>>> print(open('start.txt').read())   # compact mmCIF, C-alpha atoms
# COMPACT_ATOMS: atom_id res chain seq x y z
CA MET A 1 0.00 0.00 0.00
CA THR A 2 2.83 2.43 0.68
CA ASN A 3 4.31 1.99 -2.78
CA PRO A 4 2.19 4.32 -4.92
CA SER A 5 3.20 2.60 -8.17
CA ASN A 6 1.54 -0.56 -6.93
CA ASP A 7 -1.49 1.10 -5.40
CA THR A 8 -4.73 -0.33 -6.74
CA PHE A 9 -8.27 -0.85 -5.57
CA THR A 10 -10.68 -3.61 -6.46
CA LEU A 11 -14.30 -3.47 -7.62
CA ALA A 12 -16.27 -6.61 -8.43
CA GLY A 13 -13.07 -8.65 -8.58
CA LYS A 14 -11.25 -6.31 -10.96
CA GLU A 15 -8.25 -4.20 -10.01
CA TYR A 16 -7.99 -0.56 -11.01
CA SER A 17 -5.04 1.75 -10.76
CA SER A 18 -6.86 4.96 -11.72
CA ARG A 19 -8.90 6.33 -8.85
CA LEU A 20 -10.67 8.85 -11.03
CA LEU A 21 -14.00 7.71 -12.46
CA VAL A 22 -15.69 9.96 -14.97
CA GLY A 23 -19.06 10.64 -16.53
CA THR A 24 -19.81 11.27 -20.19
CA GLY A 25 -22.48 13.99 -19.98
CA LYS A 26 -22.45 17.69 -20.90
CA TYR A 27 -19.58 17.54 -23.40
CA LYS A 28 -19.73 19.56 -26.62
CA ASP A 29 -19.44 16.44 -28.77
CA LEU A 30 -18.14 12.89 -28.74
CA GLU A 31 -14.69 14.04 -29.81
CA GLU A 32 -14.36 16.22 -26.74
CA THR A 33 -15.78 13.42 -24.58
CA ASP A 34 -13.12 11.07 -25.89
CA ALA A 35 -10.27 13.56 -25.47
CA ALA A 36 -11.27 14.50 -21.91
CA ILE A 37 -11.69 10.90 -20.80
CA SER A 38 -8.32 9.95 -22.28
CA ALA A 39 -6.68 12.88 -20.47
CA SER A 40 -8.34 11.90 -17.18
CA GLY A 41 -6.71 8.47 -17.26
CA ALA A 42 -10.00 7.00 -16.03
CA GLU A 43 -10.55 3.27 -16.37
CA ILE A 44 -14.19 3.32 -15.28
CA VAL A 45 -16.64 5.46 -17.23
CA THR A 46 -20.30 6.02 -16.49
CA PHE A 47 -23.13 6.67 -18.94
CA ALA A 48 -26.91 7.06 -18.94
CA VAL A 49 -29.65 4.99 -20.58
CA ARG A 50 -32.25 6.83 -22.65
CA ARG A 51 -34.75 6.26 -25.43
CA THR A 52 -33.25 5.67 -28.86
CA ASN A 53 -34.24 8.41 -31.29
CA ILE A 54 -36.46 6.49 -33.67
CA GLY A 55 -36.14 7.56 -37.28
CA GLN A 56 -33.08 9.75 -36.79
CA ASP A 57 -29.81 9.42 -38.64
CA LYS A 58 -28.85 5.82 -38.11
CA ASP A 59 -25.22 6.43 -38.88
CA GLN A 60 -24.86 8.94 -36.08
CA PRO A 61 -21.96 7.81 -33.88
CA ASN A 62 -22.97 6.15 -30.65
CA LEU A 63 -21.35 6.89 -27.31
CA LEU A 64 -20.23 3.28 -27.01
CA ASP A 65 -18.32 3.59 -30.30
CA VAL A 66 -16.13 6.16 -28.57
CA ILE A 67 -16.19 4.77 -25.05
CA SER A 68 -15.52 1.23 -26.05
CA PRO A 69 -16.27 -1.62 -23.63
CA ASP A 70 -12.95 -3.12 -24.73
CA ARG A 71 -11.05 -0.13 -23.40
CA TYR A 72 -13.04 0.92 -20.34
CA THR A 73 -15.10 -0.66 -17.61
CA LEU A 74 -18.52 0.74 -18.38
CA LEU A 75 -20.72 1.80 -15.53
CA PRO A 76 -24.32 2.39 -16.55
CA ASN A 77 -26.13 4.71 -14.19
CA THR A 78 -29.74 5.31 -13.19
CA ALA A 79 -29.54 9.09 -13.37
CA GLY A 80 -32.98 10.59 -13.82
CA CYS A 81 -34.74 7.89 -11.80
CA PHE A 82 -36.92 9.23 -9.01
CA ASP A 83 -38.32 5.92 -7.79
CA ALA A 84 -37.03 2.42 -7.12
CA LYS A 85 -39.00 0.78 -9.89
CA THR A 86 -37.61 2.88 -12.74
CA ALA A 87 -34.10 2.49 -11.32
CA VAL A 88 -34.46 -1.30 -11.33
CA ARG A 89 -35.85 -1.27 -14.90
CA THR A 90 -32.98 0.93 -16.02
CA CYS A 91 -30.42 -1.45 -14.52
CA ARG A 92 -31.99 -4.44 -16.26
CA LEU A 93 -31.97 -2.60 -19.61
CA ALA A 94 -28.36 -1.57 -19.02
CA ARG A 95 -27.31 -5.14 -18.32
CA GLU A 96 -28.93 -6.23 -21.57
CA LEU A 97 -27.26 -3.33 -23.39
CA LEU A 98 -23.87 -4.54 -22.19
CA ASP A 99 -24.48 -8.25 -22.75
CA GLY A 100 -24.88 -9.32 -19.16
CA HIS A 101 -22.46 -6.97 -17.43
CA ASN A 102 -23.71 -6.68 -13.83
CA LEU A 103 -21.97 -3.53 -12.65
CA VAL A 104 -24.28 -0.53 -12.18
CA LYS A 105 -24.27 2.85 -10.51
CA LEU A 106 -27.52 3.14 -8.63
CA GLU A 107 -28.93 6.54 -7.90
CA VAL A 108 -32.52 7.16 -6.93
CA LEU A 109 -33.14 10.86 -6.69
CA GLY A 110 -35.40 12.64 -4.28
CA ASP A 111 -36.03 16.01 -5.86
CA GLU A 112 -35.05 17.97 -8.93
CA LYS A 113 -33.78 21.03 -7.12
CA THR A 114 -31.14 19.29 -5.02
CA LEU A 115 -30.85 15.91 -6.77
CA PHE A 116 -30.25 14.55 -3.31
CA PRO A 117 -30.82 10.82 -3.06
CA ASP A 118 -34.13 9.40 -1.88
CA VAL A 119 -32.54 7.05 0.61
CA THR A 120 -35.58 4.92 1.36
CA ALA A 121 -36.16 4.34 -2.37
CA THR A 122 -32.43 3.70 -2.77
CA LEU A 123 -32.61 0.97 -0.11
CA GLU A 124 -35.64 -0.56 -1.80
CA ALA A 125 -33.94 -0.60 -5.22
CA THR A 126 -30.74 -1.98 -3.71
CA LYS A 127 -32.55 -4.98 -2.22
CA GLU A 128 -34.27 -5.74 -5.51
CA LEU A 129 -31.08 -5.44 -7.55
CA ILE A 130 -29.01 -7.54 -5.14
CA LYS A 131 -31.59 -10.33 -5.50
CA ASP A 132 -31.20 -9.98 -9.25
CA GLY A 133 -27.42 -10.42 -9.13
CA PHE A 134 -26.22 -6.87 -9.77
CA ASP A 135 -22.94 -5.43 -8.49
CA ILE A 136 -24.08 -2.10 -7.14
CA MET A 137 -22.11 1.06 -6.69
CA VAL A 138 -24.55 3.26 -4.86
CA TYR A 139 -24.91 7.03 -4.71
CA THR A 140 -26.02 8.27 -1.31
CA ASN A 141 -25.85 11.13 1.15
CA ASP A 142 -22.79 11.90 3.21
CA ASP A 143 -24.51 10.00 6.00
CA PRO A 144 -22.38 7.37 7.78
CA ILE A 145 -25.40 5.40 9.01
CA MET A 146 -26.92 5.05 5.56
CA ALA A 147 -23.54 4.31 4.00
CA LYS A 148 -23.08 1.40 6.38
CA ARG A 149 -26.62 0.18 5.79
CA LEU A 150 -26.02 0.08 2.04
CA GLU A 151 -22.73 -1.74 2.52
CA ASP A 152 -24.44 -4.28 4.79
CA LEU A 153 -27.08 -4.91 2.11
CA GLY A 154 -24.28 -5.96 -0.23
CA CYS A 155 -23.34 -2.91 -2.32
CA ILE A 156 -19.82 -3.34 -3.66
CA SER A 157 -19.06 0.36 -3.28
CA VAL A 158 -20.72 3.23 -1.48
CA MET A 159 -20.54 6.65 -3.10
CA PRO A 160 -21.45 9.56 -0.85
CA LEU A 161 -21.94 12.95 -2.46
CA ALA A 162 -19.49 15.76 -1.73
CA ALA A 163 -22.16 18.34 -2.55
CA PRO A 164 -25.21 18.42 -4.87
CA ILE A 165 -24.70 16.87 -8.32
CA GLY A 166 -23.29 19.40 -10.76
CA SER A 167 -22.87 22.09 -8.09
CA GLY A 168 -19.08 22.19 -7.96
CA LEU A 169 -19.26 23.19 -4.30
CA GLY A 170 -16.56 20.79 -3.11
CA ILE A 171 -16.67 18.61 -0.03
CA ARG A 172 -19.27 20.09 2.29
CA ASN A 173 -18.82 17.70 5.17
CA ARG A 174 -15.30 16.39 5.46
CA LEU A 175 -15.89 14.84 8.87
CA ASN A 176 -18.76 12.71 7.59
CA ILE A 177 -16.78 11.57 4.58
CA ARG A 178 -13.93 10.59 6.88
CA THR A 179 -16.31 8.72 9.20
CA ILE A 180 -17.83 6.86 6.23
CA VAL A 181 -14.33 5.86 5.08
CA GLU A 182 -13.30 4.71 8.56
CA ASN A 183 -16.43 2.58 8.98
CA ALA A 184 -16.28 0.93 5.58
CA SER A 185 -14.91 -2.32 4.32
CA VAL A 186 -15.92 -1.66 0.71
CA PRO A 187 -14.42 1.08 -1.50
CA ILE A 188 -15.79 4.53 -0.74
CA LEU A 189 -15.88 6.91 -3.68
CA VAL A 190 -16.98 10.51 -3.55
CA ASP A 191 -19.63 10.89 -6.24
CA ALA A 192 -20.80 14.35 -7.23
CA GLY A 193 -20.14 17.88 -6.14
CA VAL A 194 -16.43 18.39 -6.68
CA GLY A 195 -15.56 21.56 -8.57
CA THR A 196 -11.84 21.61 -9.09
CA ALA A 197 -8.67 19.62 -8.61
CA SER A 198 -8.14 20.58 -4.98
CA ASP A 199 -11.59 19.19 -4.12
CA ALA A 200 -10.57 15.86 -5.65
CA ALA A 201 -7.30 15.95 -3.70
CA ILE A 202 -9.16 16.60 -0.45
CA ALA A 203 -11.45 13.63 -1.04
CA MET A 204 -8.40 11.43 -1.50
CA GLU A 205 -6.63 12.91 1.53
CA LEU A 206 -9.68 11.95 3.59
CA GLY A 207 -9.00 8.35 2.59
CA CYS A 208 -11.56 7.83 -0.15
CA ASP A 209 -10.71 5.11 -2.62
CA GLY A 210 -11.62 7.30 -5.55
CA VAL A 211 -13.78 10.09 -6.92
CA LEU A 212 -16.45 10.01 -9.61
CA MET A 213 -17.10 13.26 -11.42
CA ASN A 214 -18.60 14.65 -14.60
CA THR A 215 -19.56 18.32 -14.55
CA ALA A 216 -16.32 19.52 -12.94
CA ILE A 217 -14.51 18.36 -16.07
CA ALA A 218 -17.17 18.85 -18.74
CA ALA A 219 -18.16 22.36 -17.62
CA ALA A 220 -14.59 23.65 -17.31
CA LYS A 221 -13.57 26.19 -19.97
CA ASN A 222 -11.01 23.65 -21.15
CA PRO A 223 -12.37 20.21 -20.27
CA VAL A 224 -9.33 18.30 -21.53
CA LEU A 225 -6.95 20.36 -19.40
CA MET A 226 -9.24 20.03 -16.37
CA ALA A 227 -9.37 16.26 -16.88
CA SER A 228 -5.59 16.22 -16.65
CA ALA A 229 -5.69 18.47 -13.57
CA MET A 230 -8.18 16.14 -11.91
CA ARG A 231 -5.98 13.15 -12.61
CA LYS A 232 -3.08 14.91 -10.87
CA GLY A 233 -5.29 16.11 -8.01
CA ILE A 234 -6.45 12.55 -7.38
CA GLU A 235 -2.89 11.23 -7.48
CA ALA A 236 -1.55 14.00 -5.24
CA GLY A 237 -4.30 13.49 -2.69
CA ARG A 238 -3.83 9.74 -2.69
CA GLU A 239 -0.08 9.99 -2.19
CA ALA A 240 -0.54 12.53 0.60
CA TYR A 241 -2.98 10.14 2.30
CA LEU A 242 -0.55 7.24 2.00
CA ALA A 243 2.36 9.42 3.13
CA GLY A 244 0.49 10.42 6.29
CA ARG A 245 0.34 14.16 6.81
CA MET A 246 2.12 15.99 9.63
CA ALA A 247 0.09 16.92 12.66
CA PRO A 248 -1.15 20.51 12.43
CA LYS A 249 0.27 22.81 15.11
CA ARG A 250 -1.04 26.11 16.30
CA PHE A 251 2.32 27.90 16.44
CA ALA A 252 5.46 28.01 14.33
CA SER A 253 8.19 25.41 14.30
CA ALA A 254 11.37 26.66 12.59
CA SER A 255 12.58 24.57 9.67
CA SER A 256 16.20 25.77 10.01
CA PRO A 257 18.22 24.82 13.11
CA MET A 258 18.69 27.42 15.83
CA ASP A 259 22.20 26.03 16.54
CA GLY A 260 25.15 27.57 14.65
CA LEU A 261 23.67 31.04 14.24
CA PHE A 262 26.59 33.45 13.62
CA PHE A 263 25.07 36.51 15.29
CA MET B 1 -52.41 -2.85 -34.92
CA GLN B 2 -51.34 0.00 -32.74
CA ILE B 3 -48.46 -0.07 -30.28
CA TYR B 4 -46.67 2.63 -28.35
CA LEU B 5 -43.05 2.92 -29.40
CA ASN B 6 -40.93 5.10 -27.14
CA GLY B 7 -44.08 6.90 -26.06
CA GLU B 8 -45.44 7.53 -29.58
CA ARG B 9 -48.36 5.74 -31.21
CA GLN B 10 -47.22 3.52 -34.07
CA GLN B 11 -49.05 1.29 -36.52
CA ILE B 12 -47.44 -2.06 -37.25
CA PRO B 13 -48.71 -5.25 -38.95
CA ASP B 14 -50.49 -7.79 -36.70
CA ASN B 15 -48.25 -10.44 -35.14
CA THR B 16 -45.07 -8.47 -35.79
CA SER B 17 -42.14 -10.04 -33.96
CA MET B 18 -39.70 -7.96 -31.97
CA ALA B 19 -36.99 -8.99 -34.43
CA ALA B 20 -39.08 -7.61 -37.31
CA LEU B 21 -39.81 -4.36 -35.50
CA VAL B 22 -36.15 -3.81 -34.65
CA GLU B 23 -35.18 -4.66 -38.23
CA SER B 24 -37.77 -2.25 -39.66
CA LEU B 25 -36.30 0.54 -37.54
CA GLY B 26 -32.81 -0.17 -38.83
CA LEU B 27 -31.59 -1.01 -35.35
CA SER B 28 -30.64 -4.68 -35.79
CA ASP B 29 -26.91 -4.07 -35.59
CA LYS B 30 -27.13 -1.33 -32.95
CA ARG B 31 -26.36 -1.64 -29.27
CA ILE B 32 -29.88 -1.30 -27.88
CA ALA B 33 -32.04 -2.85 -25.19
CA VAL B 34 -35.78 -3.35 -25.30
CA GLU B 35 -38.59 -3.64 -22.81
CA VAL B 36 -42.29 -4.23 -23.35
CA ASN B 37 -44.80 -3.15 -20.75
CA GLU B 38 -41.95 -2.49 -18.33
CA GLU B 39 -40.45 -5.98 -18.68
CA LEU B 40 -37.09 -6.59 -20.29
CA VAL B 41 -37.10 -8.49 -23.59
CA PRO B 42 -33.73 -10.23 -23.98
CA ARG B 43 -32.11 -9.97 -27.39
CA SER B 44 -32.02 -13.76 -27.70
CA THR B 45 -35.85 -13.85 -27.67
CA TYR B 46 -36.61 -11.14 -30.28
CA SER B 47 -37.48 -13.65 -33.02
CA ASP B 48 -39.97 -15.53 -30.85
CA TYR B 49 -41.49 -12.45 -29.25
CA SER B 50 -44.82 -11.44 -30.83
CA LEU B 51 -46.03 -7.94 -30.17
CA LYS B 52 -49.64 -7.44 -29.13
CA PRO B 53 -51.97 -4.46 -29.68
CA GLN B 54 -51.37 -1.60 -27.22
CA ASP B 55 -47.97 -2.92 -26.13
CA HIS B 56 -45.72 -0.23 -24.71
CA VAL B 57 -42.33 -0.78 -26.30
CA GLU B 58 -39.25 1.07 -25.10
CA ILE B 59 -36.02 0.91 -27.08
CA VAL B 60 -33.05 2.44 -25.29
CA HIS B 61 -29.37 3.04 -25.85
CA ALA B 62 -26.36 4.50 -24.08
CA ILE B 63 -25.91 8.27 -23.98
CA GLY B 64 -23.60 10.68 -22.21
CA GLY B 65 -24.37 11.10 -18.53
CA GLY B 66 -22.76 11.31 -15.13
>>> encode(input="start.txt", output="structure tokens")
Amino acid sequence: MTNPSNDTFTLAGKEYSSRLLVGTGKYKDLEETDAAISASGAEIVTFAVRRTNIGQDKDQPNLLDVISPDRYTLLPNTAGCFDAKTAVRTCRLARELLDGHNLVKLEVLGDEKTLFPDVTATLEATKELIKDGFDIMVYTNDDPIMAKRLEDLGCISVMPLAAPIGSGLGIRNRLNIRTIVENASVPILVDAGVGTASDAAIAMELGCDGVLMNTAIAAAKNPVLMASAMRKGIEAGREAYLAGRMAPKRFASASSPMDGLFF
Amino acid sequence: MQIYLNGERQQIPDNTSMAALVESLGLSDKRIAVEVNEELVPRSTYSDYSLKPQDHVEIVHAIGGG
């Protein structure tokens, strides 16, 4: 663990060395999506499931032509689901879309203004999906009790929000994130709310196993450069966590020796 | 007969199979998933699956999202 070059984490039996997971929404076009994701170094990429546009240009490139399942671990999500039933249906469609791939990002939202999770509906959907054999990475509040409950139900990763989805507000409750990490025996990923590279670094310094983000990269003026910044922020924060930071002190402690002064 | 395809009314011949519907939409070689009346229809069953009047068919694909 202390050798950063050999520092991986495991999800559903697969090892990953990149701790940055990225979304594919809000980009200008598929070319920019591809460039930003390449620059991020992400190995796990999330996407949404929506109606096919019937009767539109059939030769239009598809997201999965760019984000190939051969190159990335694809993580279908249930974004836009406001009840357990639609989330479960979405996961089943996603599994079919990816030929039986069981990994999903479950989010059941509570309201459109905050996009905070509906935790009771999230629990309900989790139980149903576990029975159906899914490997669930679950979006939830920064609530240590609920995080543990979801882990106990069998989620393979718990993903507390840093702040509301797409808000870029950074980590609003560092103490709760730390408590969730300390309690957990599955990977904890911050999902949603980071705004810039330092936010990603803080999540990693708190001991998170990774960070999932979309808007912070896609809505930057230069998404490709921000993707690279995020990659470095994640790496810096992870190394700082592994290194073990110094204890903060209230007063100064001189870095140069007091002995040998010539005056 | 009438079905609902992605929320829109659509006229199709009686006893159309899912395979025929997907073919007629030019989606046979596309990465899609299908449900009818909120139940998943696995790709392996498209040929044997006969659509019925008033079925609600949803055909979905992957798009950008976070």
>>> closest_residue(input="start.txt", among="A:Ile156, A:Val45, A:Leu161, A:Val181", to="chain B", atoms="all atoms listed in the file")
A:Val45
>>> axis_aligned_box(input="start.txt", around="stretch 87-98 of chain A", padding_each_side="4 Å", output="JSON")
{"center_x": -29.9, "center_y": -1.9, "center_z": -17.4, "size_x": 20.0, "size_y": 16.7, "size_z": 20.1}
>>> interface_residues(input="start.txt", of="chain B", to="chain A", cutoff="6 Å", atoms="all atoms listed in the file", output="ChimeraX atom specification")
/B:32-33,59-66
>>> residues_around(input="start.txt", residues="A:Pro117", least_positions_apart="2", cutoff="12 Å", atoms="all atoms listed in the file", output="PyMOL selection string")
chain A and resi 78-84+106-115+119-123+138-143+146+159-161+163-165+191-192
>>> write_last_selection(input="start.txt", atoms="C-alpha atoms", output="PDB file, in the coordinates of the input")
ATOM      1  CA  THR A  78     -29.740   5.310 -13.190  1.00  0.00           C
ATOM      2  CA  ALA A  79     -29.540   9.090 -13.370  1.00  0.00           C
ATOM      3  CA  GLY A  80     -32.980  10.590 -13.820  1.00  0.00           C
ATOM      4  CA  CYS A  81     -34.740   7.890 -11.800  1.00  0.00           C
ATOM      5  CA  PHE A  82     -36.920   9.230  -9.010  1.00  0.00           C
ATOM      6  CA  ASP A  83     -38.320   5.920  -7.790  1.00  0.00           C
ATOM      7  CA  ALA A  84     -37.030   2.420  -7.120  1.00  0.00           C
ATOM      8  CA  LEU A 106     -27.520   3.140  -8.630  1.00  0.00           C
ATOM      9  CA  GLU A 107     -28.930   6.540  -7.900  1.00  0.00           C
ATOM     10  CA  VAL A 108     -32.520   7.160  -6.930  1.00  0.00           C
ATOM     11  CA  LEU A 109     -33.140  10.860  -6.690  1.00  0.00           C
ATOM     12  CA  GLY A 110     -35.400  12.640  -4.280  1.00  0.00           C
ATOM     13  CA  ASP A 111     -36.030  16.010  -5.860  1.00  0.00           C
ATOM     14  CA  GLU A 112     -35.050  17.970  -8.930  1.00  0.00           C
ATOM     15  CA  LYS A 113     -33.780  21.030  -7.120  1.00  0.00           C
ATOM     16  CA  THR A 114     -31.140  19.290  -5.020  1.00  0.00           C
ATOM     17  CA  LEU A 115     -30.850  15.910  -6.770  1.00  0.00           C
ATOM     18  CA  VAL A 119     -32.540   7.050   0.610  1.00  0.00           C
ATOM     19  CA  THR A 120     -35.580   4.920   1.360  1.00  0.00           C
ATOM     20  CA  ALA A 121     -36.160   4.340  -2.370  1.00  0.00           C
ATOM     21  CA  THR A 122     -32.430   3.700  -2.770  1.00  0.00           C
ATOM     22  CA  LEU A 123     -32.610   0.970  -0.110  1.00  0.00           C
ATOM     23  CA  VAL A 138     -24.550   3.260  -4.860  1.00  0.00           C
ATOM     24  CA  TYR A 139     -24.910   7.030  -4.710  1.00  0.00           C
ATOM     25  CA  THR A 140     -26.020   8.270  -1.310  1.00  0.00           C
ATOM     26  CA  ASN A 141     -25.850  11.130   1.150  1.00  0.00           C
ATOM     27  CA  ASP A 142     -22.790  11.900   3.210  1.00  0.00           C
ATOM     28  CA  ASP A 143     -24.510  10.000   6.000  1.00  0.00           C
ATOM     29  CA  MET A 146     -26.920   5.050   5.560  1.00  0.00           C
ATOM     30  CA  MET A 159     -20.540   6.650  -3.100  1.00  0.00           C
ATOM     31  CA  PRO A 160     -21.450   9.560  -0.850  1.00  0.00           C
ATOM     32  CA  LEU A 161     -21.940  12.950  -2.460  1.00  0.00           C
ATOM     33  CA  ALA A 163     -22.160  18.340  -2.550  1.00  0.00           C
ATOM     34  CA  PRO A 164     -25.210  18.420  -4.870  1.00  0.00           C
ATOM     35  CA  ILE A 165     -24.700  16.870  -8.320  1.00  0.00           C
ATOM     36  CA  ASP A 191     -19.630  10.890  -6.240  1.00  0.00           C
ATOM     37  CA  ALA A 192     -20.800  14.350  -7.230  1.00  0.00           C
TER      38      ALA A 192
END
>>> atom_distance(input="start.txt", atom1="atom CA of A:Glu43", atom2="atom CA of A:Glu31")
17.7 Å
>>> atom_distance(input="start.txt", atom1="atom CA of B:Arg9", atom2="atom CA of B:Asp29")
24.0 Å
>>> atom_distance(input="start.txt", atom1="atom CA of A:Gly244", atom2="atom CA of A:Ala201")
13.8 Å
>>> residues_near_point(input="start.txt", point="(-36.3, -7.6, -22.9)", cutoff="9 Å", atoms="only C-alpha atoms", output="JSON, numbers by chain")
{"A": [92, 93, 96], "B": [33, 34, 35, 36, 38, 39, 40, 41, 42, 43, 44, 45, 46]}
>>> residues_around(input="start.txt", residues="stretch 7-14 of chain A", least_positions_apart="3", cutoff="12 Å", atoms="only C-alpha atoms", output="JSON, numbers by chain")
{"A": [1, 2, 3, 4, 17, 18, 19, 20, 43, 44, 72, 73, 75, 101, 102, 103, 104, 133, 134, 135, 136, 137, 154, 155, 156, 157, 158, 185, 186, 187, 188, 189, 208, 209, 210, 235, 238, 239, 241, 242]}
>>> closest_residue(input="start.txt", among="B:Gly26, B:Ser17, B:Tyr49, B:Asn37", to="B:Leu5", atoms="all atoms listed in the file")
B:Asn37
